[in-house]
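Source file: query31.csv. Holds: CSV, C-alpha atoms.
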```csv
chain,number,residue,atom,x,y,z
M,157,MET,CA,0.0,0.0,0.0
M,158,SER,CA,1.5,3.3,-1.0
M,159,LEU,CA,1.9,6.2,1.5
M,160,GLU,CA,-0.7,8.2,-0.4
M,161,THR,CA,-3.4,5.5,-0.2
M,162,GLN,CA,-2.7,5.1,3.5
M,163,GLY,CA,-3.0,8.8,4.1
M,164,ARG,CA,-6.3,9.0,2.3
M,165,ALA,CA,-7.6,5.9,4.0
M,166,TRP,CA,-6.8,7.4,7.4
M,167,GLN,CA,-8.5,10.7,6.4
M,168,GLU,CA,-11.7,8.8,5.3
M,169,TYR,CA,-11.7,7.0,8.6
M,170,SER,CA,-10.9,9.8,11.0
M,171,LYS,CA,-13.4,12.4,9.6
M,172,GLY,CA,-16.3,10.3,11.1
M,173,LEU,CA,-14.8,10.5,14.5
M,174,TRP,CA,-15.0,14.2,15.2
M,175,ARG,CA,-15.2,16.7,12.3
M,176,GLU,CA,-18.2,15.0,10.6
M,177,ASN,CA,-19.3,13.0,13.6
M,178,PRO,CA,-22.8,11.7,12.6
M,179,ILE,CA,-24.4,12.8,15.9
M,180,PHE,CA,-22.6,15.8,17.2
M,181,ALA,CA,-21.8,17.5,13.9
M,182,MET,CA,-24.5,16.3,11.5
M,183,VAL,CA,-27.3,15.4,14.0
M,184,LEU,CA,-28.4,12.3,12.1
M,185,GLY,CA,-29.8,9.1,13.5
M,186,MET,CA,-31.3,10.6,16.6
M,187,CYS,CA,-34.0,8.0,17.3
M,188,PRO,CA,-31.8,5.1,18.2
M,189,THR,CA,-29.3,7.5,19.8
M,190,LEU,CA,-31.9,8.7,22.4
M,191,ALA,CA,-33.9,5.5,22.7
M,192,VAL,CA,-31.3,3.0,23.7
M,193,THR,CA,-28.8,5.1,25.6
M,194,ASN,CA,-30.3,4.6,29.1
M,195,SER,CA,-27.3,2.4,29.9
M,196,ALA,CA,-23.8,2.1,28.6
M,197,ILE,CA,-24.0,-1.6,27.6
M,198,ASN,CA,-27.1,-1.0,25.5
M,199,ALA,CA,-25.4,1.9,23.8
M,200,LEU,CA,-22.4,-0.2,23.0
M,201,ALA,CA,-24.5,-3.0,21.5
M,202,MET,CA,-26.4,-0.6,19.4
M,203,GLY,CA,-23.3,1.1,18.2
M,204,LEU,CA,-21.6,-2.2,17.2
M,205,ALA,CA,-24.8,-3.5,15.5
M,206,THR,CA,-25.1,-0.2,13.5
M,207,THR,CA,-21.4,-0.3,12.6
M,208,PHE,CA,-21.8,-3.9,11.3
M,209,VAL,CA,-24.8,-2.9,9.1
M,210,LEU,CA,-23.0,0.2,7.9
M,211,VAL,CA,-19.8,-1.7,6.9
M,212,GLY,CA,-21.7,-4.6,5.3
M,213,SER,CA,-24.0,-2.4,3.2
M,214,SER,CA,-21.3,0.0,2.2
M,215,THR,CA,-19.1,-2.9,0.9
M,216,LEU,CA,-21.9,-4.4,-1.1
M,217,ILE,CA,-23.3,-1.1,-2.5
M,218,SER,CA,-19.8,0.0,-3.4
M,219,LEU,CA,-19.2,-3.3,-5.3
M,220,LEU,CA,-22.5,-2.9,-7.1
M,221,ARG,CA,-22.3,0.8,-7.7
M,222,ASN,CA,-21.8,0.6,-11.5
M,223,HIS,CA,-24.7,-1.9,-11.9
M,224,ILE,CA,-27.5,-0.1,-9.9
M,225,PRO,CA,-29.7,2.0,-12.2
M,226,LYS,CA,-30.0,5.5,-10.9
M,227,GLN,CA,-33.8,5.6,-10.7
M,228,VAL,CA,-34.1,2.7,-8.3
M,229,ARG,CA,-31.0,3.3,-6.2
M,230,ILE,CA,-32.8,4.3,-3.0
M,231,SER,CA,-35.0,1.2,-3.0
M,232,THR,CA,-31.9,-0.9,-3.8
M,233,PHE,CA,-30.0,0.6,-0.9
M,234,ILE,CA,-33.0,0.1,1.5
M,235,VAL,CA,-33.3,-3.6,0.5
M,236,VAL,CA,-29.6,-4.2,1.0
M,237,ILE,CA,-29.7,-2.4,4.3
M,238,ALA,CA,-32.8,-4.4,5.5
M,239,THR,CA,-31.0,-7.6,4.6
M,240,PHE,CA,-28.0,-6.8,6.7
M,241,VAL,CA,-30.2,-5.6,9.6
M,242,THR,CA,-32.1,-8.9,9.5
M,243,VAL,CA,-28.7,-10.7,9.8
M,244,ALA,CA,-27.6,-8.5,12.7
M,245,ASP,CA,-31.0,-8.9,14.4
M,246,TYR,CA,-30.9,-12.7,14.3
M,247,THR,CA,-27.2,-12.8,15.3
M,248,LEU,CA,-27.7,-10.7,18.3
M,249,GLU,CA,-30.7,-12.7,19.3
M,250,ALA,CA,-28.5,-15.8,19.2
M,251,ILE,CA,-25.5,-14.5,21.1
M,252,ALA,CA,-26.9,-12.0,23.5
M,253,TYR,CA,-30.5,-12.7,24.2
M,254,ASP,CA,-31.0,-10.3,27.1
M,255,ILE,CA,-29.6,-7.3,25.3
M,256,HIS,CA,-31.6,-8.2,22.3
M,257,LYS,CA,-34.8,-8.2,24.4
M,258,GLU,CA,-33.9,-4.8,26.0
M,259,LEU,CA,-33.2,-3.1,22.6
M,260,GLY,CA,-36.4,-4.6,21.2
M,261,ALA,CA,-37.6,-3.1,18.0
M,262,PHE,CA,-34.8,-0.7,17.9
M,263,ILE,CA,-32.4,-3.3,16.3
M,264,ALA,CA,-35.0,-3.7,13.4
M,265,LEU,CA,-35.2,0.1,13.2
M,266,ILE,CA,-31.6,0.4,12.2
M,267,VAL,CA,-33.1,0.0,8.7
M,268,VAL,CA,-34.4,3.6,8.9
M,269,ASN,CA,-31.3,5.1,10.5
M,270,CYS,CA,-30.6,8.0,8.3
M,271,ILE,CA,-26.8,7.7,8.9
M,272,ILE,CA,-26.7,4.4,6.9
M,273,LEU,CA,-28.8,5.5,4.0
M,274,GLY,CA,-26.9,8.8,4.0
M,275,ARG,CA,-23.5,7.2,3.7
M,276,GLN,CA,-24.6,4.9,0.9
M,277,GLU,CA,-26.0,7.9,-1.1
M,278,ALA,CA,-23.1,10.3,-0.3
M,279,PHE,CA,-20.1,8.0,-0.3
M,280,ALA,CA,-20.4,4.2,-1.0
M,281,SER,CA,-22.2,4.7,-4.3
M,282,LYS,CA,-19.4,6.9,-5.6
M,283,ASN,CA,-16.2,5.4,-4.2
M,284,THR,CA,-14.1,2.2,-4.4
M,285,VAL,CA,-14.6,-0.6,-1.9
M,286,PHE,CA,-11.6,0.1,0.2
M,287,TYR,CA,-12.4,3.7,0.9
M,288,SER,CA,-16.0,2.9,1.4
M,289,ILE,CA,-15.1,0.4,4.1
M,290,MET,CA,-12.8,3.0,5.8
M,291,ASP,CA,-15.6,5.6,5.6
M,292,ALA,CA,-18.2,3.2,7.1
M,293,LEU,CA,-15.8,2.1,9.9
M,294,GLY,CA,-15.1,5.8,10.7
M,295,MET,CA,-18.8,6.8,10.8
M,296,GLY,CA,-19.6,3.6,12.8
M,297,SER,CA,-16.9,4.4,15.3
M,298,GLY,CA,-18.0,8.0,15.6
M,299,PHE,CA,-21.6,6.9,16.2
M,300,THR,CA,-20.5,4.3,18.7
M,301,PHE,CA,-18.4,6.8,20.5
M,302,ALA,CA,-21.2,9.3,20.7
M,303,LEU,CA,-23.7,6.7,21.9
M,304,LEU,CA,-21.2,5.5,24.6
M,305,LEU,CA,-20.7,9.1,25.8
M,306,LEU,CA,-24.4,9.7,26.0
M,307,GLY,CA,-25.1,6.2,27.5
M,308,SER,CA,-22.5,6.3,30.2
M,309,SER,CA,-23.3,9.9,31.3
M,310,ARG,CA,-27.0,8.9,31.5
M,311,GLU,CA,-26.3,5.7,33.4
M,312,ILE,CA,-23.9,7.4,35.8
M,313,LEU,CA,-26.3,10.1,36.7
M,314,GLY,CA,-29.5,8.1,36.5
M,315,SER,CA,-28.6,4.8,38.2
M,316,GLY,CA,-25.2,5.6,39.8
M,317,SER,CA,-23.4,2.8,37.9
M,318,LEU,CA,-21.4,2.2,34.7
M,319,PHE,CA,-21.8,-1.0,32.7
M,320,GLY,CA,-23.8,-2.3,35.6
M,321,ILE,CA,-21.0,-1.8,38.1
M,322,ASP,CA,-22.1,0.3,41.1
M,323,LEU,CA,-20.0,3.5,41.4
M,324,PHE,CA,-21.1,5.5,44.4
M,325,GLY,CA,-22.2,3.0,47.0
M,326,PRO,CA,-25.6,2.8,48.7
M,327,HIS,CA,-25.9,6.4,49.7
M,328,TYR,CA,-26.1,7.8,46.2
M,329,GLU,CA,-29.6,9.1,45.3
M,330,PRO,CA,-30.1,8.3,41.6
M,331,TRP,CA,-31.2,11.0,39.4
M,332,VAL,CA,-34.0,8.8,37.9
M,333,ILE,CA,-35.2,11.4,35.3
M,334,MET,CA,-31.9,10.9,33.4
M,335,ILE,CA,-32.7,7.3,32.4
M,336,LEU,CA,-36.3,8.3,31.5
M,337,PRO,CA,-37.2,9.8,28.1
M,338,PRO,CA,-36.9,13.5,29.0
M,339,GLY,CA,-33.3,12.8,30.3
M,340,GLY,CA,-32.3,11.7,26.9
M,341,PHE,CA,-33.4,14.9,25.2
M,342,ILE,CA,-31.9,17.1,27.9
M,343,MET,CA,-28.6,15.2,28.1
M,344,LEU,CA,-28.0,15.3,24.3
M,345,GLY,CA,-29.0,19.0,24.4
M,346,LEU,CA,-26.4,19.7,27.0
M,347,ILE,CA,-23.7,17.7,25.1
M,348,LEU,CA,-24.5,19.6,21.9
M,349,LEU,CA,-24.3,22.8,23.8
M,350,GLY,CA,-20.8,21.8,25.0
M,351,PHE,CA,-19.9,20.9,21.4
M,352,ASN,CA,-21.1,24.3,20.1
M,353,ALA,CA,-19.2,26.1,22.9
M,354,LEU,CA,-16.0,24.2,22.1
M,355,GLY,CA,-16.3,25.0,18.4
M,356,GLU,CA,-16.9,28.7,19.1
M,357,TRP,CA,-14.0,28.8,21.6
M,358,ARG,CA,-11.6,27.3,19.0
M,359,GLN,CA,-12.9,29.7,16.3
M,360,ARG,CA,-12.2,32.6,18.6
M,361,LEU,CA,-8.7,31.3,19.4
M,362,ARG,CA,-8.0,31.0,15.7
M,363,ASP,CA,-9.2,34.6,15.1
M,364,GLU,CA,-7.1,35.9,17.9
M,365,THR,CA,-3.9,34.3,16.6
M,366,ARG,CA,-4.7,35.7,13.1
M,367,THR,CA,-5.2,39.3,14.4
M,368,GLY,CA,-2.0,38.8,16.5
M,369,GLU,CA,0.0,37.9,13.4
M,370,ALA,CA,-1.4,40.8,11.4
M,371,ALA,CA,-0.4,43.2,14.2
I,1264,MET,CA,-64.4,-4.0,22.8
I,1265,SER,CA,-64.8,-0.2,22.2
I,1266,GLY,CA,-63.2,0.4,25.6
I,1267,GLU,CA,-60.2,-1.6,24.4
I,1268,LEU,CA,-60.0,0.5,21.2
I,1269,LEU,CA,-60.2,3.8,23.2
I,1270,TYR,CA,-57.4,2.6,25.4
I,1271,ILE,CA,-55.2,1.8,22.4
I,1272,PHE,CA,-56.0,5.2,20.9
I,1273,ILE,CA,-55.3,7.3,24.0
I,1274,SER,CA,-52.2,5.3,24.9
I,1275,ALA,CA,-50.6,5.9,21.5
I,1276,LEU,CA,-51.8,9.5,21.4
I,1277,LEU,CA,-50.7,10.7,24.9
I,1278,VAL,CA,-49.3,8.2,27.3
I,1279,ASN,CA,-46.8,6.4,25.0
I,1280,ASN,CA,-46.4,9.3,22.6
I,1281,PHE,CA,-44.2,8.0,19.7
I,1282,VAL,CA,-42.0,11.1,19.6
I,1283,LEU,CA,-41.7,12.0,23.2
I,1284,SER,CA,-41.5,8.7,25.0
I,1285,TYR,CA,-40.4,6.2,22.3
I,1286,PHE,CA,-38.1,8.6,20.5
I,1287,LEU,CA,-39.5,7.7,17.1
I,1288,GLY,CA,-39.7,10.1,14.2
I,1289,LEU,CA,-37.2,12.6,15.6
I,1290,CYS,CA,-35.7,13.7,12.2
I,1291,PRO,CA,-38.9,15.4,11.0
I,1292,PHE,CA,-39.7,16.5,14.6
I,1293,PHE,CA,-36.5,18.6,14.6
I,1294,GLY,CA,-36.5,19.3,10.9
I,1295,VAL,CA,-40.0,20.4,10.0
I,1296,SER,CA,-41.1,22.0,13.3
I,1297,GLY,CA,-40.2,25.5,12.2
I,1298,LYS,CA,-43.8,26.6,11.3
I,1299,ILE,CA,-47.1,25.4,12.7
I,1300,ASP,CA,-48.7,25.3,9.3
I,1301,THR,CA,-46.2,22.9,7.7
I,1302,ALA,CA,-46.1,20.9,10.9
I,1303,VAL,CA,-49.9,20.2,10.7
I,1304,ARG,CA,-49.7,19.1,7.1
I,1305,LEU,CA,-46.7,16.9,7.5
I,1306,GLY,CA,-48.4,15.4,10.5
I,1307,ALA,CA,-51.5,14.6,8.4
I,1308,ALA,CA,-49.4,13.1,5.6
I,1309,THR,CA,-47.5,10.9,8.1
I,1310,THR,CA,-50.8,9.8,9.7
I,1311,PHE,CA,-52.2,8.8,6.3
I,1312,VAL,CA,-49.1,6.8,5.5
I,1313,MET,CA,-49.3,5.2,8.9
I,1314,VAL,CA,-52.9,4.0,8.4
I,1315,VAL,CA,-52.2,2.5,5.0
I,1316,ALA,CA,-49.0,0.9,6.1
I,1317,SER,CA,-50.7,-0.6,9.1
I,1318,LEU,CA,-53.5,-2.1,7.0
I,1319,CYS,CA,-50.9,-3.6,4.5
I,1320,ALA,CA,-48.8,-4.9,7.4
I,1321,SER,CA,-51.8,-6.7,8.9
I,1322,PHE,CA,-52.5,-8.3,5.6
I,1323,LEU,CA,-48.8,-9.4,5.1
I,1324,HIS,CA,-48.7,-10.6,8.7
I,1325,ALA,CA,-51.8,-12.8,8.2
I,1326,PHE,CA,-51.1,-14.2,4.8
I,1327,VAL,CA,-47.4,-14.0,3.8
I,1328,LEU,CA,-45.2,-13.9,6.8
I,1329,PRO,CA,-46.2,-17.2,8.4
I,1330,TYR,CA,-44.4,-18.8,5.4
I,1331,ALA,CA,-41.3,-16.6,5.4
I,1332,PRO,CA,-40.7,-14.8,8.8
I,1333,TYR,CA,-37.3,-13.5,7.8
I,1334,LEU,CA,-38.9,-11.4,5.1
I,1335,GLN,CA,-40.7,-9.3,7.7
I,1336,LEU,CA,-38.5,-6.3,7.7
I,1337,ILE,CA,-37.9,-6.2,4.0
I,1338,SER,CA,-41.6,-6.5,3.1
I,1339,TYR,CA,-42.6,-3.9,5.6
I,1340,ILE,CA,-40.1,-1.3,4.4
I,1341,LEU,CA,-41.1,-1.9,0.7
I,1342,VAL,CA,-44.8,-1.4,1.6
I,1343,ILE,CA,-43.9,1.9,3.4
I,1344,ALA,CA,-41.8,3.1,0.5
I,1345,SER,CA,-44.5,2.4,-2.1
I,1346,THR,CA,-47.1,4.2,0.1
I,1347,VAL,CA,-44.9,7.2,0.5
I,1348,GLN,CA,-44.3,7.3,-3.3
I,1349,PHE,CA,-48.1,7.3,-3.8
I,1350,VAL,CA,-48.7,10.0,-1.2
I,1351,GLU,CA,-46.0,12.1,-2.9
I,1352,MET,CA,-47.7,11.9,-6.3
I,1353,PHE,CA,-51.0,12.7,-4.7
I,1354,ILE,CA,-49.8,15.8,-2.9
I,1355,LYS,CA,-47.9,17.0,-5.9
I,1356,LYS,CA,-51.1,16.8,-8.0
I,1357,ILE,CA,-53.5,18.3,-5.3
I,1358,SER,CA,-51.3,21.0,-3.8
I,1359,PRO,CA,-48.0,22.0,-5.4
I,1360,ALA,CA,-47.4,24.7,-2.8
I,1361,LEU,CA,-47.6,22.1,0.0
I,1362,PHE,CA,-45.3,19.8,-2.0
I,1363,ARG,CA,-42.7,22.6,-2.2
I,1364,ALA,CA,-43.1,23.5,1.5
I,1365,LEU,CA,-42.5,19.9,2.7
I,1366,GLY,CA,-39.5,19.5,0.3
I,1367,ILE,CA,-37.1,16.7,1.1
I,1368,PHE,CA,-39.1,15.7,4.2
I,1369,LEU,CA,-41.8,14.2,2.1
I,1370,PRO,CA,-39.8,11.3,0.5
I,1371,LEU,CA,-38.0,11.1,3.9
I,1372,ILE,CA,-41.3,9.8,5.4
I,1373,THR,CA,-40.0,6.5,4.1
I,1374,THR,CA,-37.2,6.6,6.6
I,1375,ASN,CA,-39.3,8.0,9.4
I,1376,CYS,CA,-38.8,5.4,12.1
I,1377,ALA,CA,-42.2,6.2,13.6
I,1378,ILE,CA,-43.9,4.3,10.7
I,1379,LEU,CA,-41.7,1.2,10.7
I,1380,GLY,CA,-41.8,1.3,14.5
I,1381,LEU,CA,-45.6,1.4,14.4
I,1382,VAL,CA,-46.0,-1.7,12.1
I,1383,LEU,CA,-43.4,-3.6,14.1
I,1384,PHE,CA,-45.0,-2.8,17.5
I,1385,GLN,CA,-48.4,-3.7,16.0
I,1386,THR,CA,-47.1,-7.1,14.9
I,1387,SER,CA,-45.4,-7.9,18.2
I,1388,ARG,CA,-48.5,-6.9,20.2
I,1389,GLN,CA,-50.7,-9.1,17.9
I,1390,TYR,CA,-53.2,-6.4,17.1
I,1391,SER,CA,-56.1,-7.2,14.8
I,1392,ALA,CA,-56.5,-5.2,11.6
I,1393,LEU,CA,-59.1,-2.9,13.3
I,1394,GLU,CA,-56.9,-2.4,16.4
I,1395,GLY,CA,-54.0,-1.7,14.1
I,1396,VAL,CA,-55.8,1.1,12.3
I,1397,VAL,CA,-56.9,2.7,15.6
I,1398,TYR,CA,-53.3,2.4,16.8
I,1399,ALA,CA,-52.1,4.1,13.6
I,1400,VAL,CA,-54.5,7.0,14.0
I,1401,GLY,CA,-53.5,7.5,17.6
I,1402,ALA,CA,-49.8,7.3,16.9
I,1403,GLY,CA,-50.2,9.7,13.9
I,1404,GLY,CA,-52.3,12.1,16.0
I,1405,GLY,CA,-49.6,12.0,18.7
I,1406,PHE,CA,-46.9,12.7,16.2
I,1407,THR,CA,-48.8,15.6,14.8
I,1408,LEU,CA,-49.5,16.9,18.3
I,1409,ALA,CA,-45.8,16.8,19.3
I,1410,LEU,CA,-44.8,18.5,16.0
I,1411,VAL,CA,-47.3,21.3,16.4
I,1412,LEU,CA,-46.4,21.9,20.1
I,1413,MET,CA,-42.8,22.1,19.1
I,1414,ALA,CA,-43.5,24.4,16.2
I,1415,GLY,CA,-45.5,26.7,18.4
I,1416,ILE,CA,-42.7,27.1,20.9
I,1417,ARG,CA,-40.0,27.4,18.2
I,1418,GLU,CA,-41.9,30.2,16.5
I,1419,GLU,CA,-41.9,32.1,19.7
I,1420,ALA,CA,-38.2,31.3,20.4
I,1421,GLU,CA,-37.2,32.7,17.0
I,1422,LEU,CA,-38.1,36.2,18.3
I,1423,SER,CA,-36.4,36.0,21.7
I,1424,ASP,CA,-32.9,37.1,22.4
I,1425,LEU,CA,-30.8,33.9,22.8
I,1426,PRO,CA,-27.0,33.5,23.1
I,1427,LYS,CA,-25.5,32.2,19.9
I,1428,VAL,CA,-24.2,28.9,21.5
I,1429,VAL,CA,-27.8,27.8,22.4
I,1430,ARG,CA,-29.4,28.4,19.0
I,1431,GLY,CA,-30.2,25.5,16.7
I,1432,THR,CA,-30.5,21.9,17.6
I,1433,ALA,CA,-29.2,22.2,21.2
I,1434,MET,CA,-32.1,24.5,22.1
I,1435,SER,CA,-34.7,22.3,20.3
I,1436,LEU,CA,-33.4,19.3,22.2
I,1437,LEU,CA,-33.8,21.1,25.6
I,1438,ILE,CA,-37.3,22.3,24.6
I,1439,ALA,CA,-38.2,18.7,23.6
I,1440,GLY,CA,-36.9,17.5,27.0
I,1441,MET,CA,-39.3,19.9,28.7
I,1442,ILE,CA,-42.3,18.8,26.6
I,1443,SER,CA,-41.4,15.2,27.2
I,1444,LEU,CA,-41.3,15.9,30.9
I,1445,ALA,CA,-44.8,17.4,30.7
I,1446,PHE,CA,-46.1,14.4,28.8
I,1447,MET,CA,-44.8,12.1,31.6
I,1448,GLY,CA,-47.7,13.5,33.6
I,1449,PHE,CA,-50.1,11.5,31.4
I,1450,ALA,CA,-48.5,8.3,32.7
I,1451,GLY,CA,-51.1,7.7,35.4
I,1452,LEU,CA,-54.0,8.4,33.1
I,1453,PHE,CA,-55.4,4.8,33.2
I,1454,SER,CA,-54.0,3.4,36.4
I,1455,GLY,CA,-55.8,6.0,38.6
I,1456,GLY,CA,-59.4,5.0,37.8
I,1457,GLU,CA,-59.0,1.2,37.9
```
Any chance you could give the structure as structure tokens?
Amino acid sequence: MSLETQGRAWQEYSKGLWRENPIFAMVLGMCPTLAVTNSAINALAMGLATTFVLVGSSTLISLLRNHIPKQVRISTFIVVIATFVTVADYTLEAIAYDIHKELGAFIALIVVNCIILGRQEAFASKNTVFYSIMDALGMGSGFTFALLLLGSSREILGSGSLFGIDLFGPHYEPWVIMILPPGGFIMLGLILLGFNALGEWRQRLRDETRTGEAA
Amino acid sequence: MSGELLYIFISALLVNNFVLSYFLGLCPFFGVSGKIDTAVRLGAATTFVMVVASLCASFLHAFVLPYAPYLQLISYILVIASTVQFVEMFIKKISPALFRALGIFLPLITTNCAILGLVLFQTSRQYSALEGVVYAVGAGGGFTLALVLMAGIREEAELSDLPKVVRGTAMSLLIAGMISLAFMGFAGLFSGGE
């Protein structure tokens, strides 16, 4: 592998982690994000399942990209995605029954996760297999990272534990609202607020160095 | 019998509101809730797709899926996609202005998880075709209600003086959290009387 390919592969992978993070920067795929993040373990399972579907369908779509007629591409994408979701659904049911039961219909609902369809339309249908896989892995990792962040903060505040391990001892009064639906909205709102504030702060820092140089 | 139907309806409309307590259909909830007018119409279109999809899903569940259970997801999503295509052509013909106002969010009803969620829940709860339709109307009504409430608050918020960091999605999420908190008050609606 030449240095150039390696560099571009890394670029395609890393953009999903932060700069184009599907949740923090593009605000896509909100439904599973909020619905399953009441504990860290559910968030992790959801993130991994989504990454699997994303990588699988990106590979297939990118292989088929020259054979899919333009008019029916969306339907084709959906059918391919639905197939991979069915695989993920049955696999999870076989290896981790409890988690599957807790996530319920939300595994099936990965089909309509806009991140996946969005990546097929914007990337996999236009690029070679290798880069599509890198892009899918990056977006998947970024999504999993965001889910884990949200899931762990909600679990720590709402039940005083992380991955089911008690953190604060018996005297901690859990902030129950955080694992209920309103907590999901409020927590993600606060995280996005932090994300905006960070972006603004970096922008200001950049402006200041620029004016400093000019002076 | 009618009591059961009323229960399904109210439960989907208020107590287990699709948007505010199941987190389904959030993309249009944040995307199209800028104006009350558009919100009502998108809600109506979504409700219609829900009812048709629910009927088709009952049919598939009764006659096709017993022979091929692994086709469940694929057949449901195809039914929804075709219904949306039909609604799109219908609205384009009847009201081009509405067609333009809804823009990209009309075809995106296909990937509105509220609809796929509805048919999946209806299947897993073993609803009959009639119960399914009532459930669809309740869920659609609940979706419209949430959308309109959100649009009303956002129209007001446009005019108020907010710091730049809060504007946009972060604020919408915090508002949604408050509305969701208020809707939790409906939780005891049925347990109290019984």
**OP:** Starting from chain I, keep only residues with some atom at most 8 Å from an atom of chain M, counting all atoms listed in the file, and report them as a ChimeraX atom specification.
**Re:** /I:1283-1290,1333,1336-1337,1340-1341,1344,1373-1376,1379-1380,1383-1384,1428-1429,1432-1437,1439-1444
Applying 8 Å and only C-alpha atoms, which residues near range 289-294 of chain M remain after dropping the ones on its own chain fewer than 2 positions away? List them as a PDB file with C-alpha atoms, keeping the file's coordinate frame.
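selection.pdb written:
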```
ATOM      1  CA  ALA M 165      -7.600   5.900   4.000  1.00  0.00           C
ATOM      2  CA  TRP M 166      -6.800   7.400   7.400  1.00  0.00           C
ATOM      3  CA  GLU M 168     -11.700   8.800   5.300  1.00  0.00           C
ATOM      4  CA  TYR M 169     -11.700   7.000   8.600  1.00  0.00           C
ATOM      5  CA  SER M 170     -10.900   9.800  11.000  1.00  0.00           C
ATOM      6  CA  LYS M 171     -13.400  12.400   9.600  1.00  0.00           C
ATOM      7  CA  GLY M 172     -16.300  10.300  11.100  1.00  0.00           C
ATOM      8  CA  LEU M 173     -14.800  10.500  14.500  1.00  0.00           C
ATOM      9  CA  THR M 207     -21.400  -0.300  12.600  1.00  0.00           C
ATOM     10  CA  LEU M 210     -23.000   0.200   7.900  1.00  0.00           C
ATOM     11  CA  VAL M 211     -19.800  -1.700   6.900  1.00  0.00           C
ATOM     12  CA  SER M 214     -21.300   0.000   2.200  1.00  0.00           C
ATOM     13  CA  THR M 215     -19.100  -2.900   0.900  1.00  0.00           C
ATOM     14  CA  ARG M 275     -23.500   7.200   3.700  1.00  0.00           C
ATOM     15  CA  PHE M 279     -20.100   8.000  -0.300  1.00  0.00           C
ATOM     16  CA  VAL M 285     -14.600  -0.600  -1.900  1.00  0.00           C
ATOM     17  CA  PHE M 286     -11.600   0.100   0.200  1.00  0.00           C
ATOM     18  CA  TYR M 287     -12.400   3.700   0.900  1.00  0.00           C
ATOM     19  CA  GLY M 296     -19.600   3.600  12.800  1.00  0.00           C
ATOM     20  CA  SER M 297     -16.900   4.400  15.300  1.00  0.00           C
ATOM     21  CA  GLY M 298     -18.000   8.000  15.600  1.00  0.00           C
TER      22      GLY M 298
END
```
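The two atoms in question, CA of Arg1304 in chain I and CA of Tyr1398 in chain I, are spaced 19.6 Å apart.
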Subject >> Nearest candidate to Ala181 in chain M (options M:Leu305, M:Met295, M:Met202, M:Asn222; using all atoms listed in the file) >> reply: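 Nearest candidate to Ala181 in chain M out of M:Leu305, M:Met295, M:Met202, M:Asn222: M:Met295.
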Original post:
Can you tell me how far CA of Pro330 in chain M sits from CA of Gly314 in chain M, in Å to one decimal?
Top reply: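 Going from CA of Pro330 in chain M over to CA of Gly314 in chain M covers 5.1 Å.
Using only C-alpha atoms, the shortest contact distance between Ile271 in chain M and any of M:Thr206, M:Ser218, M:Thr232, M:Ser158 is found at M:Thr206.
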Kindly list the centre and edge lengths in Å, rounded to one decimal, for the axis-aligned box that covers all listed atoms of range 287-292 of chain M plus 4 Å on each of its six sides, as JSON.
```
{"center_x": -15.3, "center_y": 3.0, "center_z": 4.0, "size_x": 13.8, "size_y": 13.2, "size_z": 14.2}
```
**OP:** Work out how far apart CA of Gly1294 in chain I and CA of Arg1430 in chain I are and give it in Å to one decimal.
**Re:**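 Going from CA of Gly1294 in chain I over to CA of Arg1430 in chain I, I get 14.1 Å.
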**OP:** Write out as number ranges by chain which residues come within 12 Å of His327 in chain M when counting only C-alpha atoms, dropping same-chain ones fewer than 5 positions away.
**Re:** M: 315-316, 322
Could you take the residues named above and write them with C-alpha atoms, as a CSV table (one decimal), keeping the file's coordinate frame?
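So the final result, stored in selection13.csv, reads:
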```csv
chain,number,residue,atom,x,y,z
M,315,SER,CA,-28.6,4.8,38.2
M,316,GLY,CA,-25.2,5.6,39.8
M,322,ASP,CA,-22.1,0.3,41.1
```
Who sits within 10 Å of Leu1361 in chain I, all atoms listed in the file, same chain under 4 positions skipped, as a short mmCIF file (atom, residue, chain, number, x, y, z; two decimals) with C-alpha atoms, in the frame of the given file:
```
data_model
loop_
_atom_site.label_atom_id
_atom_site.label_comp_id
_atom_site.auth_asym_id
_atom_site.auth_seq_id
_atom_site.Cartn_x
_atom_site.Cartn_y
_atom_site.Cartn_z
CA ASP I 1300 -48.70 25.30 9.30
CA THR I 1301 -46.20 22.90 7.70
CA ARG I 1304 -49.70 19.10 7.10
CA LEU I 1305 -46.70 16.90 7.50
CA ILE I 1354 -49.80 15.80 -2.90
CA LYS I 1355 -47.90 17.00 -5.90
CA ILE I 1357 -53.50 18.30 -5.30
CA LEU I 1365 -42.50 19.90 2.70
CA GLY I 1366 -39.50 19.50 0.30
#
```
